[in-house]
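Asker: The structure is given below, and queries will be raised subsequently.
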Amino acid sequence: MATTLQPSPIESVGGPSQSQAYGVASAEAAVEPMTIERRAPRPEDVAIRITHCGICHSDLHMARNDWGMSVYPMVPGHEIVGIVTAVGSAVTKFKAGDRAAVGCLVDSDRTCDHCKAGHEQFCPNWVMTYAGKDLQDGSVTYGGYSDRIVVRQEFVCRVPESLDISRAAPLLCAGITTYSPLRKFGVGPGTKVGIAGLGGLGHMGVKLAAAMGANVTMITTSPEKGEDARELGAHDVLISRDPAAMEAAAERFDFILNTIPVTHDVGPYLNLLKPNGVMVIVGAIDMLEGIHGGALAMRNRTIAGSLIGGLPETQEMLDFCAEHGVLPEVEHVRPGEINEAWDRMAKGDVRYRFVIDMGAANSAA
Ligand code: NAP
Ligand code: ZN
């Protein structure tokens, strides 16, 4: 299936370059090697040799067109780290050799109120890292399951030197998606936090909430993950499939971060919130069952949502992780192993983020 792959030439600032990528041809297709073109760096662009790319559950949702916004062929991947190889003439923020990171968006109009506030993810003209449309030439964007990428400097973050680059990639989506709501709702010392779903997002939620000083409980369907949850920093573990344990935990939490990736009955999770408690949905971009007005009104509870985070907050999160020694737990895979990794992720069998080692691209037959 896979072809023998040749190293891509280092691009010159002068012209477009070919990139070895891994993507899907349709909603039913398996991941396969493909060659894509990366644009010649524009004056504001940074060209990056990708060293690692995380595998987010969203990649699988997008590959299968679960959200009805996919375009094919698709090269997924929005947890990208690597090394700068070239910069455009107007770039001030980076130089060749710097460590760089790219998350879920690669451009926006940079003029609307959301962009000015640093919330580019709400910009009506935001450009997703893959399956988006370039604002200047209309071409479809391709993501980080590839060996190089070219991105406007404002959408590239610095990777602090103290962060191990082989583990940092998941911070660009799983990290910021959990950091942002934890910060927004003031999680810290004295807060009782529940994190539902111990996968890529959930394990970052546990680590970050613990680093912020909160008391953290892992809420999981998988009793066998309990020991790991404690090692990640959880003070307690609650098995959501145990109705008696869920009943005993009623009104225990100030804040719940719900990362469950599929539609589910949120009623049992809502009952875990104290009066005035908040549950933030980041996982299921879907219809939700089990929302009874009484469960909200009778306890002044709030259900909220959160979408990744803006660029300034993404850099803040990377700096926070460097300062607090927070790094994802990763299992490295080679590009030829992405299909297997997706299958395992769909079954919840991931501890706790797959990261593609793009350095292995040239031997991924
Ligand atoms: P993941 O690594 O697959 O982890 C999800 C975890 O949820 C699983 O490990 C499992 O943990 C639990 N789970 C799975 N199926 C479940 C079910 N039927 N009922 C209850 N729990 C279940 O996924 P991820 O990468 O963390 O992503 C999670 C979701 O967030 C995805 O839907 C993704 O698209 C979405 N997402 C949203 C944003 C945003 O900006 N809002 C950003 C990134 C991703 P246990 O074994 O512990 O139960
Ligand atoms: Zn993601």
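Within each chain, counting starts at residue 1; across the structure tokens, chains are named A, B, ... in the order shown, with ligands numbered 1 upward in that order.
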Could you pull out the residues sitting within 6 Å of ligand 1, using only C-alpha atoms and all ligand atoms, and write them as an NGL selection string?

Answerer: :A and (56-58 or 173-174 or 177 or 197-202 or 220-222 or 259-262 or 282-284 or 306-308 or 345-346 or 348)

Asker: Would you output that residue set with N, CA, C and O atoms, as a short mmCIF file (atom, residue, chain, number, x, y, z; two decimals), in the first residue's frame?

Answerer:
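File produced: selection-v6.cif:
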data_model
loop_
_atom_site.label_atom_id
_atom_site.label_comp_id
_atom_site.auth_asym_id
_atom_site.auth_seq_id
_atom_site.Cartn_x
_atom_site.Cartn_y
_atom_site.Cartn_z
N CYS A 56 -5.63 13.77 17.06
CA CYS A 56 -6.78 14.20 17.86
C CYS A 56 -8.01 13.43 17.42
O CYS A 56 -8.13 13.08 16.24
N HIS A 57 -8.94 13.20 18.34
CA HIS A 57 -10.17 12.50 17.96
C HIS A 57 -10.92 13.30 16.88
O HIS A 57 -11.62 12.73 16.05
N SER A 58 -10.73 14.61 16.87
CA SER A 58 -11.37 15.43 15.82
C SER A 58 -10.89 15.03 14.43
O SER A 58 -11.64 15.15 13.45
N CYS A 173 -3.74 21.28 20.63
CA CYS A 173 -5.21 21.18 20.62
C CYS A 173 -5.69 20.68 21.97
O CYS A 173 -6.40 21.39 22.68
N ALA A 174 -5.29 19.48 22.36
CA ALA A 174 -5.75 18.95 23.66
C ALA A 174 -5.37 19.90 24.80
O ALA A 174 -6.15 20.12 25.73
N THR A 177 -7.45 23.35 24.46
CA THR A 177 -8.90 23.14 24.61
C THR A 177 -9.28 22.91 26.07
O THR A 177 -10.40 23.22 26.48
N GLY A 197 -13.89 11.65 30.95
CA GLY A 197 -13.27 11.08 29.74
C GLY A 197 -11.76 11.17 29.80
O GLY A 197 -11.20 12.26 29.68
N LEU A 198 -11.12 10.03 30.01
CA LEU A 198 -9.65 10.05 30.11
C LEU A 198 -9.04 9.62 28.77
O LEU A 198 -8.64 8.48 28.56
N GLY A 199 -9.01 10.59 27.85
CA GLY A 199 -8.33 10.41 26.57
C GLY A 199 -7.34 11.54 26.40
O GLY A 199 -6.78 12.04 27.38
N GLY A 200 -7.16 11.97 25.15
CA GLY A 200 -6.20 13.05 24.88
C GLY A 200 -6.54 14.33 25.62
O GLY A 200 -5.69 14.91 26.31
N LEU A 201 -7.78 14.81 25.46
CA LEU A 201 -8.16 16.04 26.15
C LEU A 201 -8.20 15.82 27.66
O LEU A 201 -7.69 16.63 28.44
N GLY A 202 -8.84 14.72 28.07
CA GLY A 202 -9.04 14.49 29.51
C GLY A 202 -7.74 14.41 30.29
O GLY A 202 -7.63 14.97 31.39
N THR A 220 -14.46 8.49 34.78
CA THR A 220 -14.11 7.63 33.65
C THR A 220 -15.06 6.44 33.55
O THR A 220 -15.63 5.99 34.55
N THR A 221 -15.20 5.93 32.31
CA THR A 221 -15.96 4.68 32.12
C THR A 221 -15.04 3.47 32.31
O THR A 221 -15.52 2.34 32.28
N SER A 222 -13.74 3.71 32.44
CA SER A 222 -12.75 2.63 32.40
C SER A 222 -12.03 2.46 33.74
O SER A 222 -11.02 3.13 33.98
N THR A 259 -15.24 15.88 28.28
CA THR A 259 -14.52 15.63 27.01
C THR A 259 -15.07 14.42 26.25
O THR A 259 -14.46 13.98 25.27
N ILE A 260 -16.19 13.87 26.70
CA ILE A 260 -16.72 12.64 26.06
C ILE A 260 -17.04 12.93 24.59
O ILE A 260 -17.75 13.90 24.28
N PRO A 261 -16.49 12.11 23.66
CA PRO A 261 -16.52 12.49 22.24
C PRO A 261 -17.81 12.15 21.50
O PRO A 261 -17.91 12.42 20.30
N VAL A 262 -18.77 11.57 22.17
CA VAL A 262 -20.00 11.14 21.49
C VAL A 262 -21.20 11.65 22.27
O VAL A 262 -21.08 12.05 23.43
N VAL A 282 -16.76 20.16 25.89
CA VAL A 282 -15.79 20.35 24.80
C VAL A 282 -15.76 19.14 23.87
O VAL A 282 -15.21 19.22 22.78
N GLY A 283 -16.33 18.02 24.29
CA GLY A 283 -16.18 16.78 23.53
C GLY A 283 -17.23 16.59 22.45
O GLY A 283 -16.93 16.66 21.26
N ALA A 284 -18.47 16.38 22.86
CA ALA A 284 -19.52 16.00 21.91
C ALA A 284 -20.03 17.23 21.16
O ALA A 284 -20.77 18.04 21.72
N SER A 306 -16.91 25.27 24.96
CA SER A 306 -15.63 25.95 24.72
C SER A 306 -14.98 25.38 23.47
O SER A 306 -15.00 24.16 23.25
N LEU A 307 -14.45 26.27 22.67
CA LEU A 307 -13.79 25.88 21.41
C LEU A 307 -12.31 26.27 21.48
O LEU A 307 -12.00 27.47 21.62
N ILE A 308 -11.46 25.30 21.42
CA ILE A 308 -9.99 25.48 21.48
C ILE A 308 -9.60 26.74 22.27
O ILE A 308 -9.96 26.87 23.44
N MET A 345 -7.96 4.55 18.99
CA MET A 345 -8.54 5.76 19.60
C MET A 345 -10.07 5.65 19.63
O MET A 345 -10.71 6.03 20.62
N ALA A 346 -10.65 5.11 18.55
CA ALA A 346 -12.11 4.99 18.49
C ALA A 346 -12.63 4.08 19.60
O ALA A 346 -13.76 4.23 20.06
N GLY A 348 -11.26 3.97 22.58
CA GLY A 348 -10.83 4.52 23.87
C GLY A 348 -9.52 3.92 24.35
O GLY A 348 -9.14 4.07 25.50
#

Asker: Mind listing the strand (DSSP E) residues of segment 54-110 of chain A, per DSSP on the backbone, as a PyMOL selection string?

Answerer: chain A and resi 54-55+80-87+99-102+105-107

Asker: Using only C-alpha atoms and all ligand atoms, pick whichever of A:His78, A:Arg344, A:Arg99, A:His235 has the shortest atom-to-atom distance to ligand 2.

Answerer: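 That would be A:His78, the residue with the smallest distance to ligand 2.
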
Asker: Which residues in segment 159-262 of chain A does DSSP call helix (DSSP H, G or I)? List them as a JSON list (two decimals) with N, CA, C and O atoms, in the first residue's frame.

Answerer:
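After the write, result_1.json holds the following:
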[["chain", "number", "residue", "atom", "x", "y", "z"],
["A", 165, "ILE", "N", 10.22, 18.50, 22.72],
["A", 165, "ILE", "CA", 9.44, 18.68, 21.47],
["A", 165, "ILE", "C", 8.80, 17.37, 21.01],
["A", 165, "ILE", "O", 7.77, 17.37, 20.33],
["A", 166, "SER", "N", 9.36, 16.24, 21.41],
["A", 166, "SER", "CA", 8.78, 14.97, 20.97],
["A", 166, "SER", "C", 7.45, 14.68, 21.68],
["A", 166, "SER", "O", 6.69, 13.82, 21.27],
["A", 167, "ARG", "N", 7.17, 15.43, 22.76],
["A", 167, "ARG", "CA", 5.91, 15.23, 23.50],
["A", 167, "ARG", "C", 4.98, 16.43, 23.44],
["A", 167, "ARG", "O", 3.84, 16.36, 23.91],
["A", 168, "ALA", "N", 5.45, 17.54, 22.91],
["A", 168, "ALA", "CA", 4.70, 18.80, 23.06],
["A", 168, "ALA", "C", 3.50, 18.93, 22.12],
["A", 168, "ALA", "O", 2.56, 19.69, 22.40],
["A", 169, "ALA", "N", 3.48, 18.20, 20.99],
["A", 169, "ALA", "CA", 2.47, 18.46, 19.96],
["A", 169, "ALA", "C", 1.03, 18.49, 20.50],
["A", 169, "ALA", "O", 0.26, 19.39, 20.15],
["A", 170, "PRO", "N", 0.63, 17.54, 21.36],
["A", 170, "PRO", "CA", -0.78, 17.55, 21.79],
["A", 170, "PRO", "C", -1.21, 18.81, 22.55],
["A", 170, "PRO", "O", -2.40, 19.06, 22.70],
["A", 171, "LEU", "N", -0.25, 19.60, 23.00],
["A", 171, "LEU", "CA", -0.63, 20.84, 23.67],
["A", 171, "LEU", "C", -1.39, 21.76, 22.72],
["A", 171, "LEU", "O", -2.21, 22.56, 23.15],
["A", 172, "LEU", "N", -1.12, 21.64, 21.42],
["A", 172, "LEU", "CA", -1.67, 22.60, 20.45],
["A", 172, "LEU", "C", -3.17, 22.43, 20.24],
["A", 172, "LEU", "O", -3.82, 23.34, 19.71],
["A", 174, "ALA", "N", -5.29, 19.48, 22.36],
["A", 174, "ALA", "CA", -5.75, 18.95, 23.66],
["A", 174, "ALA", "C", -5.37, 19.90, 24.80],
["A", 174, "ALA", "O", -6.15, 20.12, 25.73],
["A", 175, "GLY", "N", -4.19, 20.48, 24.72],
["A", 175, "GLY", "CA", -3.73, 21.38, 25.78],
["A", 175, "GLY", "C", -4.56, 22.65, 25.85],
["A", 175, "GLY", "O", -5.13, 22.99, 26.88],
["A", 176, "ILE", "N", -4.68, 23.35, 24.73],
["A", 176, "ILE", "CA", -5.38, 24.64, 24.76],
["A", 176, "ILE", "C", -6.88, 24.44, 24.98],
["A", 176, "ILE", "O", -7.54, 25.25, 25.66],
["A", 177, "THR", "N", -7.45, 23.35, 24.46],
["A", 177, "THR", "CA", -8.90, 23.14, 24.61],
["A", 177, "THR", "C", -9.28, 22.91, 26.07],
["A", 177, "THR", "O", -10.40, 23.22, 26.48],
["A", 178, "THR", "N", -8.37, 22.39, 26.85],
["A", 178, "THR", "CA", -8.66, 22.17, 28.28],
["A", 178, "THR", "C", -8.20, 23.36, 29.12],
["A", 178, "THR", "O", -8.88, 23.77, 30.05],
["A", 179, "TYR", "N", -7.06, 23.94, 28.76],
["A", 179, "TYR", "CA", -6.52, 25.09, 29.50],
["A", 179, "TYR", "C", -7.52, 26.26, 29.48],
["A", 179, "TYR", "O", -7.78, 26.89, 30.52],
["A", 180, "SER", "N", -8.08, 26.54, 28.31],
["A", 180, "SER", "CA", -8.89, 27.75, 28.15],
["A", 180, "SER", "C", -10.12, 27.76, 29.08],
["A", 180, "SER", "O", -10.31, 28.72, 29.83],
["A", 181, "PRO", "N", -10.95, 26.70, 29.10],
["A", 181, "PRO", "CA", -12.09, 26.76, 30.02],
["A", 181, "PRO", "C", -11.68, 26.67, 31.50],
["A", 181, "PRO", "O", -12.33, 27.27, 32.35],
["A", 182, "LEU", "N", -10.60, 25.95, 31.81],
["A", 182, "LEU", "CA", -10.16, 25.91, 33.21],
["A", 182, "LEU", "C", -9.81, 27.32, 33.68],
["A", 182, "LEU", "O", -10.16, 27.73, 34.78],
["A", 183, "ARG", "N", -9.13, 28.08, 32.83],
["A", 183, "ARG", "CA", -8.77, 29.47, 33.16],
["A", 183, "ARG", "C", -10.00, 30.36, 33.22],
["A", 183, "ARG", "O", -10.18, 31.16, 34.15],
["A", 184, "LYS", "N", -10.86, 30.23, 32.18],
["A", 184, "LYS", "CA", -12.02, 31.12, 32.09],
["A", 184, "LYS", "C", -12.89, 31.02, 33.33],
["A", 184, "LYS", "O", -13.44, 32.01, 33.80],
["A", 200, "GLY", "N", -7.16, 11.97, 25.15],
["A", 200, "GLY", "CA", -6.20, 13.05, 24.88],
["A", 200, "GLY", "C", -6.54, 14.33, 25.62],
["A", 200, "GLY", "O", -5.69, 14.91, 26.31],
["A", 201, "LEU", "N", -7.78, 14.81, 25.46],
["A", 201, "LEU", "CA", -8.16, 16.04, 26.15],
["A", 201, "LEU", "C", -8.20, 15.82, 27.66],
["A", 201, "LEU", "O", -7.69, 16.63, 28.44],
["A", 202, "GLY", "N", -8.84, 14.72, 28.07],
["A", 202, "GLY", "CA", -9.04, 14.49, 29.51],
["A", 202, "GLY", "C", -7.74, 14.41, 30.29],
["A", 202, "GLY", "O", -7.63, 14.97, 31.39],
["A", 203, "HIS", "N", -6.74, 13.76, 29.72],
["A", 203, "HIS", "CA", -5.51, 13.63, 30.50],
["A", 203, "HIS", "C", -4.80, 14.97, 30.64],
["A", 203, "HIS", "O", -4.18, 15.25, 31.66],
["A", 204, "MET", "N", -4.97, 15.84, 29.61],
["A", 204, "MET", "CA", -4.42, 17.19, 29.75],
["A", 204, "MET", "C", -5.23, 17.99, 30.76],
["A", 204, "MET", "O", -4.68, 18.79, 31.52],
["A", 205, "GLY", "N", -6.56, 17.76, 30.77],
["A", 205, "GLY", "CA", -7.40, 18.45, 31.75],
["A", 205, "GLY", "C", -6.98, 18.12, 33.17],
["A", 205, "GLY", "O", -6.89, 19.00, 34.04],
["A", 206, "VAL", "N", -6.69, 16.84, 33.42],
["A", 206, "VAL", "CA", -6.26, 16.42, 34.76],
["A", 206, "VAL", "C", -4.93, 17.10, 35.11],
["A", 206, "VAL", "O", -4.77, 17.70, 36.18],
["A", 207, "LYS", "N", -3.97, 17.02, 34.20],
["A", 207, "LYS", "CA", -2.65, 17.58, 34.49],
["A", 207, "LYS", "C", -2.73, 19.09, 34.71],
["A", 207, "LYS", "O", -2.10, 19.63, 35.63],
["A", 208, "LEU", "N", -3.47, 19.79, 33.85],
["A", 208, "LEU", "CA", -3.53, 21.25, 33.94],
["A", 208, "LEU", "C", -4.29, 21.70, 35.18],
["A", 208, "LEU", "O", -3.84, 22.61, 35.90],
["A", 209, "ALA", "N", -5.43, 21.05, 35.46],
["A", 209, "ALA", "CA", -6.20, 21.45, 36.65],
["A", 209, "ALA", "C", -5.38, 21.21, 37.91],
["A", 209, "ALA", "O", -5.39, 22.03, 38.84],
["A", 210, "ALA", "N", -4.66, 20.09, 37.95],
["A", 210, "ALA", "CA", -3.81, 19.81, 39.12],
["A", 210, "ALA", "C", -2.69, 20.86, 39.22],
["A", 210, "ALA", "O", -2.40, 21.36, 40.31],
["A", 211, "ALA", "N", -2.10, 21.22, 38.07],
["A", 211, "ALA", "CA", -1.03, 22.24, 38.09],
["A", 211, "ALA", "C", -1.56, 23.60, 38.53],
["A", 211, "ALA", "O", -0.81, 24.41, 39.08],
["A", 223, "PRO", "N", -12.52, 1.56, 34.61],
["A", 223, "PRO", "CA", -11.89, 1.41, 35.93],
["A", 223, "PRO", "C", -10.40, 1.13, 35.83],
["A", 223, "PRO", "O", -9.63, 1.58, 36.69],
["A", 224, "GLU", "N", -9.99, 0.46, 34.75],
["A", 224, "GLU", "CA", -8.56, 0.11, 34.63],
["A", 224, "GLU", "C", -7.67, 1.33, 34.42],
["A", 224, "GLU", "O", -6.44, 1.23, 34.54],
["A", 225, "LYS", "N", -8.26, 2.49, 34.12],
["A", 225, "LYS", "CA", -7.44, 3.70, 33.95],
["A", 225, "LYS", "C", -7.24, 4.45, 35.26],
["A", 225, "LYS", "O", -6.55, 5.47, 35.30],
["A", 226, "GLY", "N", -7.86, 3.94, 36.35],
["A", 226, "GLY", "CA", -7.84, 4.68, 37.62],
["A", 226, "GLY", "C", -6.45, 4.96, 38.15],
["A", 226, "GLY", "O", -6.15, 6.07, 38.59],
["A", 227, "GLU", "N", -5.59, 3.95, 38.08],
["A", 227, "GLU", "CA", -4.23, 4.12, 38.61],
["A", 227, "GLU", "C", -3.48, 5.19, 37.83],
["A", 227, "GLU", "O", -2.81, 6.06, 38.39],
["A", 228, "ASP", "N", -3.63, 5.12, 36.49],
["A", 228, "ASP", "CA", -2.99, 6.13, 35.63],
["A", 228, "ASP", "C", -3.49, 7.53, 36.00],
["A", 228, "ASP", "O", -2.72, 8.48, 36.05],
["A", 229, "ALA", "N", -4.80, 7.63, 36.21],
["A", 229, "ALA", "CA", -5.38, 8.95, 36.50],
["A", 229, "ALA", "C", -4.71, 9.56, 37.71],
["A", 229, "ALA", "O", -4.38, 10.75, 37.73],
["A", 230, "ARG", "N", -4.46, 8.75, 38.72],
["A", 230, "ARG", "CA", -3.80, 9.26, 39.93],
["A", 230, "ARG", "C", -2.37, 9.67, 39.61],
["A", 230, "ARG", "O", -1.88, 10.68, 40.12],
["A", 231, "GLU", "N", -1.71, 8.89, 38.77],
["A", 231, "GLU", "CA", -0.33, 9.27, 38.40],
["A", 231, "GLU", "C", -0.31, 10.58, 37.61],
["A", 231, "GLU", "O", 0.65, 11.35, 37.68],
["A", 232, "LEU", "N", -1.37, 10.82, 36.85],
["A", 232, "LEU", "CA", -1.44, 12.07, 36.08],
["A", 232, "LEU", "C", -1.71, 13.27, 36.98],
["A", 232, "LEU", "O", -1.57, 14.42, 36.54],
["A", 243, "PRO", "N", -23.59, 3.32, 39.07],
["A", 243, "PRO", "CA", -24.65, 4.25, 39.48],
["A", 243, "PRO", "C", -24.57, 4.61, 40.97],
["A", 243, "PRO", "O", -24.84, 5.75, 41.35],
["A", 244, "ALA", "N", -24.19, 3.64, 41.82],
["A", 244, "ALA", "CA", -24.13, 3.93, 43.26],
["A", 244, "ALA", "C", -23.04, 4.96, 43.55],
["A", 244, "ALA", "O", -23.23, 5.90, 44.33],
["A", 245, "ALA", "N", -21.90, 4.79, 42.89],
["A", 245, "ALA", "CA", -20.80, 5.74, 43.10],
["A", 245, "ALA", "C", -21.19, 7.12, 42.58],
["A", 245, "ALA", "O", -20.87, 8.15, 43.20],
["A", 246, "MET", "N", -21.90, 7.17, 41.43],
["A", 246, "MET", "CA", -22.33, 8.46, 40.87],
["A", 246, "MET", "C", -23.32, 9.14, 41.81],
["A", 246, "MET", "O", -23.26, 10.35, 42.02],
["A", 247, "GLU", "N", -24.22, 8.35, 42.39],
["A", 247, "GLU", "CA", -25.19, 8.90, 43.34],
["A", 247, "GLU", "C", -24.49, 9.47, 44.57],
["A", 247, "GLU", "O", -24.79, 10.57, 45.05],
["A", 248, "ALA", "N", -23.49, 8.72, 45.05],
["A", 248, "ALA", "CA", -22.76, 9.15, 46.25],
["A", 248, "ALA", "C", -21.97, 10.44, 45.98],
["A", 248, "ALA", "O", -21.64, 11.17, 46.92]]

Asker: For a quick check of understanding, using only C-alpha atoms, which of A:Glu161, A:Glu313, A:Asp357, A:Asp45 has the smallest distance to Val87 of chain A?

Answerer: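 Among the listed residues, A:Asp45 lies closest to Val87 of chain A.
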
Asker: Taking only C-alpha atoms into account, name the residue in A:Ala131, A:Ala234, A:Leu163, A:Val266 that is nearest to Trp67 of chain A.

Answerer: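 Of all the options, A:Ala131 lies closest to Trp67 of chain A.
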
Asker: Between atom CA of Leu60 of chain A and atom CA of Trp342 of chain A, measure the distance and give it in Å to one decimal.

Answerer: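 Between atom CA of Leu60 of chain A and atom CA of Trp342 of chain A the gap works out to 6.8 Å.
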
Asker: Quick one: pull the distance between atom CA of Ile356 of chain A and atom CA of Pro328 of chain A, Å, one decimal.

Answerer: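 Result for atom CA of Ile356 of chain A versus atom CA of Pro328 of chain A: 13.6 Å, one decimal.
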
Asker: Do you know which residues are at most 9 Å from Ile149 of chain A counting only C-alpha atoms, after dropping those on the same chain fewer than 6 positions away, and could you put them as a PyMOL selection string?

Answerer: chain A and resi 19+38-39+46-50+142-143

Asker: Please identify all polymer residues within 12 Å of Glu340 of chain A, counting only C-alpha atoms, omitting same-chain residues fewer than 5 positions from it, and present them as a PDB file with N, CA and C atoms, in the first residue's frame.

Answerer:
ATOM      1  N   ALA A  30      -9.187   4.600   4.075  1.00  0.00           N
ATOM      2  CA  ALA A  30      -8.110   4.517   5.071  1.00  0.00           C
ATOM      3  C   ALA A  30      -7.078   5.601   4.767  1.00  0.00           C
ATOM      4  N   VAL A  31      -6.242   5.869   5.747  1.00  0.00           N
ATOM      5  CA  VAL A  31      -5.150   6.834   5.553  1.00  0.00           C
ATOM      6  C   VAL A  31      -4.108   6.217   4.629  1.00  0.00           C
ATOM      7  N   ILE A  55      -2.392  13.048  17.168  1.00  0.00           N
ATOM      8  CA  ILE A  55      -3.623  12.521  16.564  1.00  0.00           C
ATOM      9  C   ILE A  55      -4.774  12.835  17.513  1.00  0.00           C
ATOM     10  N   LEU A  60     -10.407  12.096  13.367  1.00  0.00           N
ATOM     11  CA  LEU A  60     -11.249  10.965  12.968  1.00  0.00           C
ATOM     12  C   LEU A  60     -12.658  11.449  12.620  1.00  0.00           C
ATOM     13  N   VAL A 333       3.868   6.923  17.126  1.00  0.00           N
ATOM     14  CA  VAL A 333       3.600   5.984  16.034  1.00  0.00           C
ATOM     15  C   VAL A 333       4.297   6.487  14.787  1.00  0.00           C
ATOM     16  N   ARG A 334       4.554   5.568  13.870  1.00  0.00           N
ATOM     17  CA  ARG A 334       5.116   5.950  12.574  1.00  0.00           C
ATOM     18  C   ARG A 334       3.954   6.258  11.629  1.00  0.00           C
ATOM     19  N   PRO A 335       4.234   7.005  10.564  1.00  0.00           N
ATOM     20  CA  PRO A 335       3.142   7.359   9.644  1.00  0.00           C
ATOM     21  C   PRO A 335       2.369   6.137   9.141  1.00  0.00           C
ATOM     22  N   MET A 345      -7.958   4.550  18.993  1.00  0.00           N
ATOM     23  CA  MET A 345      -8.540   5.755  19.601  1.00  0.00           C
ATOM     24  C   MET A 345     -10.069   5.654  19.631  1.00  0.00           C
ATOM     25  N   ALA A 346     -10.651   5.115  18.549  1.00  0.00           N
ATOM     26  CA  ALA A 346     -12.109   4.990  18.488  1.00  0.00           C
ATOM     27  C   ALA A 346     -12.627   4.081  19.597  1.00  0.00           C
ATOM     28  N   LYS A 347     -11.775   3.155  20.044  1.00  0.00           N
ATOM     29  CA  LYS A 347     -12.177   2.233  21.117  1.00  0.00           C
ATOM     30  C   LYS A 347     -11.795   2.765  22.502  1.00  0.00           C
ATOM     31  N   ASP A 349      -8.819   3.211  23.459  1.00  0.00           N
ATOM     32  CA  ASP A 349      -7.576   2.532  23.829  1.00  0.00           C
ATOM     33  C   ASP A 349      -6.384   3.412  23.465  1.00  0.00           C
ATOM     34  N   VAL A 350      -6.205   4.484  24.214  1.00  0.00           N
ATOM     35  CA  VAL A 350      -5.090   5.385  23.937  1.00  0.00           C
ATOM     36  C   VAL A 350      -4.581   5.931  25.262  1.00  0.00           C
ATOM     37  N   PHE A 354      -1.768   9.653  20.806  1.00  0.00           N
ATOM     38  CA  PHE A 354      -0.844   9.194  19.774  1.00  0.00           C
ATOM     39  C   PHE A 354      -0.182  10.410  19.143  1.00  0.00           C
ATOM     40  N   ILE A 356       2.431  11.241  15.919  1.00  0.00           N
ATOM     41  CA  ILE A 356       3.149  10.713  14.754  1.00  0.00           C
ATOM     42  C   ILE A 356       4.555  11.299  14.747  1.00  0.00           C
TER      43      ILE A 356
END

Asker: Which one is closest to ligand 2: A:Gly132, A:Gly305, A:Gly267, A:Gly54? Count only C-alpha atoms and all ligand atoms.

Answerer: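 Among the listed residues, the smallest separation from ligand 2 belongs to A:Gly54.
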
Asker: Just checking: using only C-alpha atoms and all ligand atoms, which residue out of A:Glu120, A:Gly213, A:Pro33, A:Gly309 ends up closest to ligand 2?

Answerer: A:Gly309

Asker: Name the closest residue to Val102 of chain A among the candidates A:Leu311, A:Met298, A:Ile219, A:Ala25; distances are taken between atoms, counting only C-alpha atoms.

Answerer: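 Counting only C-alpha atoms, the residue closest to Val102 of chain A is A:Leu311.
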
Asker: Could you list, as a count of residues only, every residue within 12 Å of Pro41 of chain A, counting only C-alpha atoms and ignoring same-chain residues fewer than 6 positions away?

Answerer: 23

Asker: List as a list in words the protein and nucleic acid residues near Ala29 of chain A, meaning an atom at most 10 Å away when only C-alpha atoms are counted, but skip any in the same chain fewer than 4 places from it.

Answerer: Gly23, Val24, Ala25, Ala63, Arg64 and Pro73 of chain A

Asker: In Å, with one decimal, what is the gap from atom CA of Ile291 of chain A to atom CA of Met62 of chain A?

Answerer: 26.5 Å
